[in-house]
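Student: Just upload-v5.txt, nothing more (compact mmCIF, C-alpha atoms):
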```
# COMPACT_ATOMS: atom_id res chain seq x y z
CA MET A 121 97.88 69.33 153.27
CA GLY A 122 97.55 72.63 151.37
CA TYR A 123 101.33 72.77 150.83
CA GLY A 124 101.34 69.23 149.38
CA ILE A 125 98.64 70.09 146.83
CA PHE A 126 100.49 73.29 145.89
CA LYS A 127 103.72 71.31 145.45
CA LYS A 128 102.01 68.74 143.20
CA ALA A 129 100.27 71.46 141.17
CA ALA A 130 103.52 73.40 140.71
CA GLY A 131 105.33 70.21 139.69
CA PHE A 132 102.60 69.33 137.19
CA LEU A 133 102.64 72.87 135.79
CA LEU A 134 106.41 72.72 135.34
CA LEU A 135 106.20 69.28 133.69
CA MET A 136 103.46 70.36 131.26
CA THR A 137 105.33 73.59 130.48
CA VAL A 138 108.39 71.58 129.44
CA ILE A 139 106.35 68.97 127.51
CA CYS A 140 104.02 71.41 125.75
CA GLY A 141 106.65 74.12 125.27
CA PRO A 142 110.21 73.41 124.14
CA LEU A 143 109.92 69.61 124.02
CA TYR A 144 106.84 69.69 121.75
CA MET A 145 108.34 72.44 119.58
CA LEU A 146 111.65 70.60 119.14
CA THR A 147 109.89 67.31 118.37
CA VAL A 148 107.57 68.81 115.76
CA THR A 149 110.40 70.84 114.19
CA ALA A 150 112.68 67.77 114.01
CA ALA A 151 109.89 65.62 112.54
CA ALA A 152 109.02 68.29 109.94
CA GLN A 153 112.68 68.71 108.93
CA ALA A 154 113.12 64.94 108.66
CA LEU A 155 109.88 64.09 106.85
CA PHE A 156 109.02 67.28 104.92
CA PRO A 157 112.16 69.47 104.65
CA HIS A 158 111.00 71.34 101.52
CA GLN A 159 107.67 72.36 103.06
CA ALA A 160 109.16 73.02 106.52
CA ASN A 161 111.59 75.52 105.00
CA GLY A 162 108.95 77.54 103.13
CA SER A 163 108.57 75.54 99.86
CA VAL A 164 111.29 77.66 98.28
CA ILE A 165 112.22 76.85 94.69
CA GLU A 166 116.00 76.59 94.67
CA ILE A 167 117.97 75.53 91.59
CA ASN A 168 121.75 75.29 91.49
CA GLY A 169 122.02 77.28 94.72
CA LYS A 170 119.82 80.15 93.51
CA ARG A 171 116.53 80.83 95.24
CA TYR A 172 113.66 82.00 93.03
CA GLY A 173 110.91 82.35 95.62
CA SER A 174 108.34 80.28 97.44
CA GLU A 175 105.84 78.32 95.40
CA LEU A 176 103.28 79.30 98.06
CA LEU A 177 103.61 83.09 97.66
CA GLY A 178 102.61 85.17 94.67
CA GLN A 179 105.10 87.45 92.95
CA PRO A 180 104.32 90.43 90.72
CA PHE A 181 105.04 89.72 87.05
CA SER A 182 104.38 92.42 84.46
CA ASP A 183 106.66 91.43 81.57
CA PRO A 184 104.55 90.47 78.51
CA GLY A 185 106.57 87.27 78.08
CA HIS A 186 105.52 85.94 81.48
CA LEU A 187 102.32 84.58 82.93
CA TRP A 188 100.61 87.21 85.09
CA GLY A 189 99.11 86.21 88.40
CA ARG A 190 96.44 87.78 90.52
CA ALA A 191 96.40 91.50 91.07
CA MET A 192 98.47 92.39 94.13
CA ASN A 193 98.49 95.28 96.58
CA VAL A 194 102.30 95.51 96.76
CA ASP A 195 104.58 97.95 98.52
CA LEU A 196 108.26 97.67 97.53
CA LYS A 197 109.33 101.12 98.75
CA ASN A 198 108.59 101.30 102.45
CA TYR A 199 109.88 97.96 103.71
CA LYS A 200 113.57 97.04 103.99
CA ALA A 201 115.39 93.98 105.29
CA ALA A 202 118.12 94.36 107.93
CA ASP A 203 120.75 94.38 105.17
CA GLY A 204 118.96 97.20 103.30
CA ARG A 205 117.39 95.10 100.52
CA ALA A 206 113.84 95.92 99.51
CA VAL A 207 111.25 93.56 100.95
CA MET A 208 107.99 92.97 99.12
CA TYR A 209 105.00 93.64 101.34
CA ALA A 210 101.57 92.64 100.07
CA ALA A 211 98.18 92.72 101.72
CA PRO A 212 94.51 92.78 100.82
CA SER A 213 93.31 96.22 99.81
CA ASN A 214 90.49 96.33 102.39
CA ILE A 215 88.47 98.44 99.96
CA SER A 216 84.75 97.73 100.08
CA PRO A 217 83.39 96.05 96.92
CA ALA A 218 80.57 98.59 97.08
CA SER A 219 82.92 101.60 96.90
CA LYS A 220 83.69 103.75 93.88
CA ASN A 221 87.44 103.19 94.44
CA TYR A 222 86.97 99.43 94.10
CA GLU A 223 84.88 99.84 90.95
CA LYS A 224 87.50 102.18 89.48
CA SER A 225 90.44 99.84 90.26
CA ILE A 226 88.61 96.87 88.70
CA ALA A 227 87.80 98.90 85.58
CA GLU A 228 91.44 100.04 85.26
CA ARG A 229 92.80 96.50 85.62
CA ALA A 230 90.23 95.13 83.16
CA ALA A 231 91.13 97.81 80.59
CA LYS A 232 94.84 97.00 81.01
CA MET A 233 94.17 93.27 80.55
CA THR A 234 91.96 93.83 77.51
CA ALA A 235 94.57 96.09 75.90
CA ALA A 236 97.40 93.60 76.58
CA HIS A 237 95.40 90.74 75.09
CA ALA A 238 94.26 92.30 71.82
CA GLY A 239 90.79 93.11 73.08
CA ALA A 240 90.05 89.55 74.23
CA ALA A 241 87.06 89.41 76.53
CA PRO A 242 85.76 88.54 79.01
CA VAL A 243 88.75 89.02 81.31
CA PRO A 244 88.98 86.27 83.96
CA VAL A 245 87.91 87.70 87.31
CA GLU A 246 91.03 86.68 89.26
CA LEU A 247 93.24 88.74 86.95
CA VAL A 248 91.54 91.95 88.09
CA THR A 249 90.78 91.21 91.77
CA ILE A 250 93.10 90.90 94.76
CA SER A 251 92.93 87.65 96.76
CA GLY A 252 92.10 87.60 100.45
CA SER A 253 95.77 87.23 101.40
CA GLY A 254 97.12 89.51 98.70
CA LEU A 255 99.74 86.83 97.95
CA ASP A 256 97.88 84.13 96.04
CA PRO A 257 100.46 82.19 93.96
CA GLU A 258 97.97 80.47 91.66
CA ILE A 259 95.33 81.25 89.06
CA SER A 260 92.75 79.12 87.29
CA PRO A 261 93.66 77.23 84.10
CA SER A 262 91.23 79.44 82.15
CA ALA A 263 93.01 82.61 83.40
CA ALA A 264 96.35 81.10 82.37
CA GLN A 265 95.04 80.02 78.93
CA TYR A 266 93.66 83.56 78.43
CA GLN A 267 97.28 84.77 78.34
CA THR A 268 98.82 82.19 75.98
CA ALA A 269 98.60 84.31 72.80
CA ARG A 270 100.36 87.28 74.43
CA ILE A 271 103.13 85.14 75.93
CA ALA A 272 103.69 83.19 72.71
CA ALA A 273 103.78 86.34 70.58
CA HIS A 274 106.25 88.07 72.87
CA ARG A 275 108.55 85.04 73.09
CA GLY A 276 108.26 84.14 69.41
CA ILE A 277 107.05 80.61 70.12
CA GLU A 278 103.87 78.70 69.31
CA GLU A 279 100.86 78.89 71.60
CA LYS A 280 100.83 75.11 71.97
CA GLU A 281 104.26 75.32 73.65
CA VAL A 282 102.92 77.80 76.20
CA ARG A 283 99.84 75.64 76.75
CA ALA A 284 102.03 72.58 77.35
CA VAL A 285 104.00 74.40 80.07
CA ILE A 286 100.77 75.61 81.69
CA LYS A 287 99.36 72.10 81.63
CA LYS A 288 102.53 70.69 83.22
CA TYR A 289 102.21 73.05 86.21
CA THR A 290 98.46 72.69 86.66
CA THR A 291 97.38 70.97 89.85
CA GLY A 292 94.01 69.19 89.95
CA ARG A 293 91.47 68.95 92.74
CA PHE A 294 92.73 67.54 96.04
CA LEU A 295 91.81 63.83 96.12
CA GLY A 296 89.90 64.53 92.91
CA LEU A 297 87.11 66.16 94.93
CA PHE A 298 88.14 69.26 96.85
CA GLY A 299 89.03 72.70 95.50
CA GLU A 300 89.53 73.69 91.89
CA PRO A 301 92.30 73.08 89.35
CA ARG A 302 94.99 75.76 89.62
CA VAL A 303 98.18 76.89 87.89
CA ASN A 304 101.29 77.96 89.80
CA VAL A 305 102.41 81.24 88.20
CA LEU A 306 106.02 81.17 89.43
CA LYS A 307 106.63 77.61 88.21
CA VAL A 308 105.20 78.38 84.77
CA ASN A 309 107.40 81.47 84.45
CA LEU A 310 110.53 79.63 85.56
CA ALA A 311 109.76 76.89 83.05
CA LEU A 312 109.21 79.44 80.28
CA ASP A 313 112.60 80.95 81.15
CA GLY A 314 114.22 77.50 80.98
CA VAL A 315 115.02 77.41 84.70
CA LEU A 316 112.70 74.49 85.60
```
Is it possible to give me this structure as structure tokens?
Tutor:
Amino acid sequence: MGYGIFKKAAGFLLLMTVICGPLYMLTVTAAAQALFPHQANGSVIEINGKRYGSELLGQPFSDPGHLWGRAMNVDLKNYKAADGRAVMYAAPSNISPASKNYEKSIAERAAKMTAAHAGAAPVPVELVTISGSGLDPEISPSAAQYQTARIAAHRGIEEKEVRAVIKKYTTGRFLGLFGEPRVNVLKVNLALDGVL
């Protein structure tokens, strides 16, 4: 009797291992590739065979003709891919908001933003703080609009053209209720460069 129960339990364990392991994984992967291939492959923006990055991951932009995203804690020196290319590594700073280092870094970023935007104040908070992930790809519409004069002046175009691009890549609240409107920094910059 004990052997029969053991045999049934072992058989059930093996069956559930197959169902919940490789069978489940293959089914979910196949369904994701069939129904949502763009999202299943990392939401990478690819145009004419060239990959520009994922729309879900922030990238550091510092050129005055581009929209700047959230401050990032980025390390480009110490991480390499297998083929030797530099890999961007970003993470939250883990500095306490009550520390002097945090206060100093915020003040430095705010001074940089104010100087780059002809003394415009107040500086939107997300342009001087690092997000929880360190890789936030979006900013608020007000933070994007704050930068229109700088971008337009550097590119030699009118501010209304920059505003139109920002508006095009602004996403509203989910179902009109949840979250806040947000602007995808990478998409705006690709559009400004004529790629999108």
Student: Nearest to A:Asn168 among A:Ala241, A:Val315, A:Ala150, A:Ile139, with distances taken over only C-alpha atoms: which residue is it?
Tutor: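 For A:Asn168, the nearest of the given residues is A:Val315.
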Student: With a distance cut-off of 10 Å and all atoms listed in the file, select the neighbouring residues of A:Pro242, excluding the residue or stretch itself and same-chain residues fewer than 5 positions from it, and output the selection as a VMD selection string.
Tutor: chain A and resid 230 233 to 234 266
Student: I need the residues from that last selection saved to file as a PDB file, in the coordinates of the input (with C-alpha atoms), if you can.
Tutor:
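Below is the file result.pdb, written as the result:
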```pdb
ATOM      1  CA  ALA A 230      90.230  95.130  83.160  1.00  0.00           C
ATOM      2  CA  MET A 233      94.170  93.270  80.550  1.00  0.00           C
ATOM      3  CA  THR A 234      91.960  93.830  77.510  1.00  0.00           C
ATOM      4  CA  TYR A 266      93.660  83.560  78.430  1.00  0.00           C
TER       5      TYR A 266
END
```
Student: Atom CA of A:Val303 to atom CA of A:Ile286: how many Å, to one decimal?
Tutor: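 Spanning atom CA of A:Val303 to atom CA of A:Ile286 is a straight-line distance of 6.8 Å.
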Student: Just checking: using all atoms listed in the file, which residue out of A:Gly162, A:His186, A:Asn193, A:Gly173 ends up closest to A:Ala272?
Tutor: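 Closest candidate: A:His186.
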Student: Here is a test: counting only C-alpha atoms, which residue of A:His274, A:Arg171, A:Lys128, A:Arg302 is nearest to A:Glu246?
Tutor: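 Looking only at the distances to A:Glu246, the closest residue turns out to be A:Arg302.
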Student: Taking only C-alpha atoms into account, name the residue in A:Pro184, A:Gly292, A:Gly178, A:Ala152 that is nearest to A:Gly276.
Tutor: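 Of all the options, A:Pro184 lies closest to A:Gly276.
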Student: Tell me, in Å to one decimal, how far atom CA of A:Gly239 is from atom CA of A:Ser251.
Tutor: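 Taking atom CA of A:Gly239 as the start and atom CA of A:Ser251 as the end point, the length is 24.4 Å.
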Student: Rounded to one decimal place, report the atom CA of A:Pro217-atom CA of A:Phe298 distance in Å.
Tutor: 27.2 Å
Student: List as a PyMOL selection string: which residues have an atom within 6 Å of (87.8, 81.7, 83.5), counting only C-alpha atoms?
Tutor: chain A and resi 244+262-263
Student: Give me the residues of stretch 127-180 of chain A that have any atom at most 9 Å from an atom of stretch 253-260 of chain A; for each, the nearest atom pair and the distance in Å, rounded to one decimal. Use only C-alpha atoms, sort by chain and number, and format it as a tab-separated table.
Tutor:
```
residue	atom	partner	partner_atom	distance
A:Ser174	CA	A:Pro257	CA	8.8
A:Glu175	CA	A:Pro257	CA	6.8
A:Leu176	CA	A:Pro257	CA	5.8
A:Leu177	CA	A:Pro257	CA	4.9
A:Gly178	CA	A:Pro257	CA	3.7
A:Gln179	CA	A:Pro257	CA	7.1
```
Student: Nearest residue to A:Leu310 out of A:Tyr123, A:Phe156, A:Tyr144, A:Phe181, using only C-alpha atoms?
Tutor: A:Phe181
Student: Can you tell me, as JSON, the centre and edge lengths (Å, one decimal) of the axis-aligned box enclosing all of stretch 293-296 of chain A's listed atoms after padding each side by 6 Å?
Tutor:
```
{"center_x": 91.3, "center_y": 66.4, "center_z": 94.4, "size_x": 14.8, "size_y": 17.1, "size_z": 15.4}
```
